[in-house]
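Enquirer: Just start05.cif, nothing more (mmCIF, C-alpha atoms):
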```cif
data_coords
#
loop_
_atom_site.label_atom_id
_atom_site.label_comp_id
_atom_site.auth_asym_id
_atom_site.auth_seq_id
_atom_site.Cartn_x
_atom_site.Cartn_y
_atom_site.Cartn_z
CA MET A 1 -23.63 -37.92 63.93
CA LYS A 2 -20.46 -35.99 64.60
CA GLY A 3 -18.72 -37.48 61.53
CA ASN A 4 -21.45 -36.37 59.08
CA LYS A 5 -21.45 -32.61 59.77
CA GLY A 6 -20.02 -31.47 56.37
CA SER A 7 -21.60 -34.11 54.13
CA VAL A 8 -24.86 -32.17 53.57
CA LEU A 9 -22.87 -29.08 52.60
CA ILE A 10 -20.78 -31.04 50.09
CA LEU A 11 -23.89 -32.74 48.64
CA THR A 12 -25.66 -29.36 48.30
CA PHE A 13 -22.61 -27.85 46.62
CA ALA A 14 -22.40 -30.78 44.16
CA LEU A 15 -26.12 -30.47 43.27
CA MET A 16 -25.81 -26.72 42.78
CA THR A 17 -22.77 -27.22 40.52
CA ILE A 18 -24.64 -29.76 38.40
CA SER A 19 -27.66 -27.42 38.17
CA VAL A 20 -25.47 -24.50 37.05
CA VAL A 21 -23.72 -26.61 34.41
CA LEU A 22 -27.05 -27.91 33.01
CA THR A 23 -28.54 -24.40 32.98
CA MET A 24 -25.51 -22.94 31.19
CA THR A 25 -25.60 -25.76 28.61
CA TYR A 26 -29.30 -25.17 27.95
CA LEU A 27 -28.83 -21.39 27.60
CA SER A 28 -25.94 -21.94 25.20
CA MET A 29 -28.11 -24.21 23.02
CA VAL A 30 -30.96 -21.66 23.03
CA ARG A 31 -28.56 -18.88 22.06
CA TYR A 32 -27.12 -20.95 19.19
CA ASP A 33 -30.60 -21.90 17.94
CA THR A 34 -31.64 -18.23 18.00
CA PHE A 35 -28.54 -17.32 16.02
CA LEU A 36 -29.37 -19.99 13.42
CA ALA A 37 -32.99 -18.83 13.15
CA VAL A 38 -31.95 -15.20 12.59
CA SER A 39 -29.30 -16.24 10.07
CA GLN A 40 -31.80 -18.36 8.14
CA SER A 41 -34.36 -15.55 8.20
CA ASN A 42 -31.78 -13.08 6.84
CA SER A 43 -30.86 -15.56 4.11
CA VAL A 44 -34.50 -15.96 3.06
CA HIS A 45 -34.98 -12.17 3.05
CA SER A 46 -31.92 -11.69 0.84
CA LEU A 47 -33.18 -14.41 -1.54
CA TYR A 48 -36.57 -12.73 -1.89
CA ILE A 49 -34.89 -9.36 -2.45
CA ALA A 50 -32.68 -10.93 -5.16
CA GLU A 51 -35.78 -12.41 -6.81
CA SER A 52 -37.37 -8.96 -6.72
CA GLY A 53 -34.33 -7.70 -8.60
CA LEU A 54 -34.94 -10.31 -11.31
CA ASN A 55 -38.53 -9.12 -11.58
CA LYS A 56 -37.37 -5.50 -11.87
CA ALA A 57 -34.85 -6.42 -14.59
CA ALA A 58 -37.63 -8.18 -16.53
CA TRP A 59 -39.87 -5.13 -16.02
CA TYR A 60 -37.13 -2.90 -17.46
CA LEU A 61 -36.91 -5.13 -20.54
CA LEU A 62 -40.68 -5.02 -21.09
CA ASN A 63 -41.16 -1.32 -20.29
CA THR A 64 -38.85 1.72 -20.13
CA ALA A 65 -35.29 0.77 -19.15
CA PRO A 66 -32.81 3.05 -17.35
CA ASP A 67 -31.33 4.06 -20.73
CA ASN A 68 -34.88 5.07 -21.85
CA THR A 69 -35.15 2.27 -24.41
CA LYS A 70 -38.50 0.54 -24.71
CA ASP A 71 -37.63 -2.28 -27.07
CA GLY A 72 -35.88 -4.70 -24.68
CA SER A 73 -32.40 -3.86 -25.96
CA TRP A 74 -31.09 -2.52 -22.62
CA ARG A 75 -28.01 -4.34 -21.30
CA THR A 76 -25.65 -3.65 -18.41
CA SER A 77 -21.97 -4.30 -17.88
CA SER A 78 -21.21 -7.95 -17.27
CA TYR A 79 -21.63 -9.61 -13.88
CA PRO A 80 -20.00 -8.96 -11.36
CA MET A 81 -19.22 -5.32 -12.25
CA THR A 82 -20.10 -2.81 -9.53
CA PRO A 83 -23.18 -0.57 -9.79
CA GLY A 84 -22.83 2.93 -11.15
CA LEU A 85 -24.74 5.99 -12.32
CA ASN A 86 -24.51 5.25 -16.05
CA PRO A 87 -27.73 3.61 -17.39
CA ASN A 88 -25.61 0.74 -18.75
CA ASP A 89 -23.97 0.09 -15.38
CA PRO A 90 -25.50 -2.55 -13.14
CA GLN A 91 -28.48 -1.01 -11.36
CA GLN A 92 -28.75 -1.00 -7.57
CA GLU A 93 -32.00 -0.23 -5.76
CA SER A 94 -33.24 -0.37 -2.18
CA PHE A 95 -36.03 -2.82 -1.50
CA GLY A 96 -37.61 -4.43 1.57
CA GLY A 97 -35.04 -3.21 4.09
CA GLY A 98 -32.15 -4.36 1.89
CA SER A 99 -31.00 -3.78 -1.66
CA TYR A 100 -30.51 -5.59 -4.93
CA THR A 101 -28.15 -5.13 -7.85
CA ILE A 102 -29.18 -6.31 -11.30
CA TRP A 103 -27.15 -7.24 -14.37
CA VAL A 104 -28.66 -7.86 -17.80
CA GLN A 105 -26.51 -9.37 -20.55
CA ASP A 106 -26.74 -11.52 -23.66
CA SER A 107 -25.92 -15.18 -23.25
CA GLY A 108 -25.98 -17.60 -26.16
CA GLY A 109 -29.06 -16.19 -27.87
CA ALA A 110 -30.91 -15.61 -24.60
CA ILE A 111 -30.93 -12.75 -22.12
CA GLU A 112 -29.28 -13.56 -18.80
CA LEU A 113 -30.63 -11.73 -15.77
CA THR A 114 -28.55 -11.79 -12.60
CA SER A 115 -29.58 -10.25 -9.31
CA SER A 116 -27.74 -10.00 -6.02
CA GLY A 117 -29.91 -9.40 -2.94
CA VAL A 118 -28.41 -8.09 0.31
CA TYR A 119 -30.19 -8.06 3.68
CA ASN A 120 -28.45 -7.51 7.05
CA GLY A 121 -25.08 -8.47 5.59
CA ASN A 122 -26.42 -11.67 3.98
CA THR A 123 -26.07 -11.92 0.18
CA ARG A 124 -27.90 -14.26 -2.22
CA ILE A 125 -27.45 -14.29 -6.00
CA VAL A 126 -29.98 -15.59 -8.52
CA HIS A 127 -29.56 -16.10 -12.26
CA GLN A 128 -32.25 -16.55 -14.87
CA GLN A 129 -32.16 -16.81 -18.65
CA GLU A 130 -35.01 -15.34 -20.69
CA ASN A 131 -36.04 -15.43 -24.33
CA MET A 132 -37.73 -12.27 -25.53
CA THR A 133 -40.32 -12.41 -28.29
CA LEU A 134 -42.11 -9.52 -29.91
CA THR A 135 -45.80 -10.14 -30.54
CA PRO A 136 -47.77 -7.79 -32.82
CA PRO A 137 -48.97 -5.15 -32.54
CA SER A 138 -46.45 -3.98 -29.94
CA SER A 139 -46.52 -6.27 -26.92
CA LYS A 140 -43.45 -8.09 -25.68
CA THR A 141 -43.19 -11.28 -23.65
CA LEU A 142 -40.36 -12.86 -21.74
CA THR A 143 -40.14 -16.62 -21.53
CA VAL A 144 -37.92 -18.37 -19.00
CA VAL A 145 -35.54 -20.83 -20.64
CA ALA A 146 -36.24 -24.21 -19.06
CA GLY A 147 -33.81 -25.29 -16.38
CA SER A 148 -31.82 -22.07 -16.37
CA TRP A 149 -32.75 -20.63 -13.00
CA GLY A 150 -30.08 -20.82 -10.30
CA ILE A 151 -29.30 -19.64 -6.79
CA ASN A 152 -25.95 -18.93 -5.16
#
```
What is this file in structure tokens?
Expert:
Amino acid sequence: MKGNKGSVLILTFALMTISVVLTMTYLSMVRYDTFLAVSQSNSVHSLYIAESGLNKAAWYLLNTAPDNTKDGSWRTSSYPMTPGLNPNDPQQESFGGGSYTIWVQDSGGAIELTSSGVYNGNTRIVHQQENMTLTPPSSKTLTVVAGSWGIN
């Protein structure tokens, strides 16, 4: 019995060391998974905000635009110009805890709408091409050009 006095202490120390290492590994994995979940949530928020910007750009074309036109002729500076105060500058608006910037420009006979959504430092950009048709007596419709919607 005299030769085994320190063996229980060494065994206890080894088990405690293994427990600490396993606990630290588990906590590191949980922290990383939480980071990924928050990052993905921010990315989804910024995508939805960017899509809201597309909807607002379409609304401007069908109603009264920032330059007070009502015939769908409003266009902004080309993407990726920065927003400004001029009605023909890209328009930036706050929405849903973030913001979006919209660009409206002609593109090969269609109207290209681009929107950049920002939420908690995450940015998503969506593009959509529209065809505008005027239907008597004075209603307007926008039709999405097939296969022209994209996300960055």
Enquirer: When you count only C-alpha atoms, which of these residues is closest to A:Ser94: A:Lys5, A:Arg124, A:Lys56, A:Arg31?
Expert: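 Checking each of A:Lys5, A:Arg124, A:Lys56, A:Arg31 against A:Ser94, counting only C-alpha atoms, the winner is A:Lys56.
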Enquirer: Could you tell me which residues the PyMOL selection byres ((chain A and resi 82) around 12) grabs in this file, written as number ranges by chain?
Expert: A: 76-81, 83-86, 88-92, 100-103, 116
Enquirer: To verify the selection step, state as a PyMOL selection string which residues the PyMOL selection byres ((chain A and resi 112) around 12) yields on this input.
Expert: chain A and resi 54+57-58+61+74-79+102-111+113-115+126-132+142-145+148-150
Enquirer: Please write as number ranges by chain the full residue list that the PyMOL selection byres ((chain A and resi 122) around 12) yields on this file.
Expert: A: 38-50, 98-100, 116-121, 123-125, 152
Enquirer: Measure the distance from atom CA of A:Ser28 to atom CA of A:Leu9 in Å and round it to one decimal.
Expert: 28.5 Å
Enquirer: Please, what distance in Å, to one decimal, runs between atom CA of A:Gly96 and atom CA of A:Asp33?
Expert: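 Between these atoms lies a distance of 24.9 Å.
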Enquirer: As an exercise, work out the distance from atom CA of A:Leu22 to atom CA of A:Ile10 in Å and give it to one decimal place.
Expert: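 These two atoms are separated by 18.5 Å.
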Enquirer: Can you rebuild stretch 20-35 of chain A with N, CA and C atoms and give it as a tab-separated table (two decimals), keeping the file's coordinate frame?
Expert:
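As written to disk, part.tsv reads:
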```
chain	number	residue	atom	x	y	z
A	20	VAL	N	-26.06	-25.62	37.78
A	20	VAL	CA	-25.47	-24.50	37.05
A	20	VAL	C	-24.94	-24.97	35.70
A	21	VAL	N	-24.27	-26.10	35.66
A	21	VAL	CA	-23.72	-26.61	34.41
A	21	VAL	C	-24.85	-26.93	33.43
A	22	LEU	N	-25.91	-27.59	33.88
A	22	LEU	CA	-27.05	-27.91	33.01
A	22	LEU	C	-27.74	-26.64	32.51
A	23	THR	N	-27.92	-25.66	33.38
A	23	THR	CA	-28.54	-24.40	32.98
A	23	THR	C	-27.70	-23.68	31.93
A	24	MET	N	-26.40	-23.61	32.14
A	24	MET	CA	-25.51	-22.94	31.19
A	24	MET	C	-25.51	-23.67	29.84
A	25	THR	N	-25.54	-24.98	29.85
A	25	THR	CA	-25.60	-25.76	28.61
A	25	THR	C	-26.89	-25.47	27.86
A	26	TYR	N	-28.00	-25.45	28.56
A	26	TYR	CA	-29.30	-25.17	27.95
A	26	TYR	C	-29.32	-23.76	27.36
A	27	LEU	N	-28.85	-22.77	28.10
A	27	LEU	CA	-28.83	-21.39	27.60
A	27	LEU	C	-27.93	-21.24	26.38
A	28	SER	N	-26.83	-21.97	26.35
A	28	SER	CA	-25.94	-21.94	25.20
A	28	SER	C	-26.64	-22.51	23.97
A	29	MET	N	-27.37	-23.60	24.14
A	29	MET	CA	-28.11	-24.21	23.02
A	29	MET	C	-29.20	-23.26	22.53
A	30	VAL	N	-29.91	-22.60	23.43
A	30	VAL	CA	-30.96	-21.66	23.03
A	30	VAL	C	-30.35	-20.49	22.26
A	31	ARG	N	-29.23	-19.99	22.73
A	31	ARG	CA	-28.56	-18.88	22.06
A	31	ARG	C	-28.12	-19.27	20.64
A	32	TYR	N	-27.56	-20.47	20.51
A	32	TYR	CA	-27.12	-20.95	19.19
A	32	TYR	C	-28.31	-21.14	18.25
A	33	ASP	N	-29.41	-21.72	18.76
A	33	ASP	CA	-30.60	-21.90	17.94
A	33	ASP	C	-31.19	-20.56	17.50
A	34	THR	N	-31.16	-19.57	18.36
A	34	THR	CA	-31.64	-18.23	18.00
A	34	THR	C	-30.77	-17.63	16.92
A	35	PHE	N	-29.47	-17.79	17.04
A	35	PHE	CA	-28.54	-17.32	16.02
A	35	PHE	C	-28.83	-17.97	14.67
```
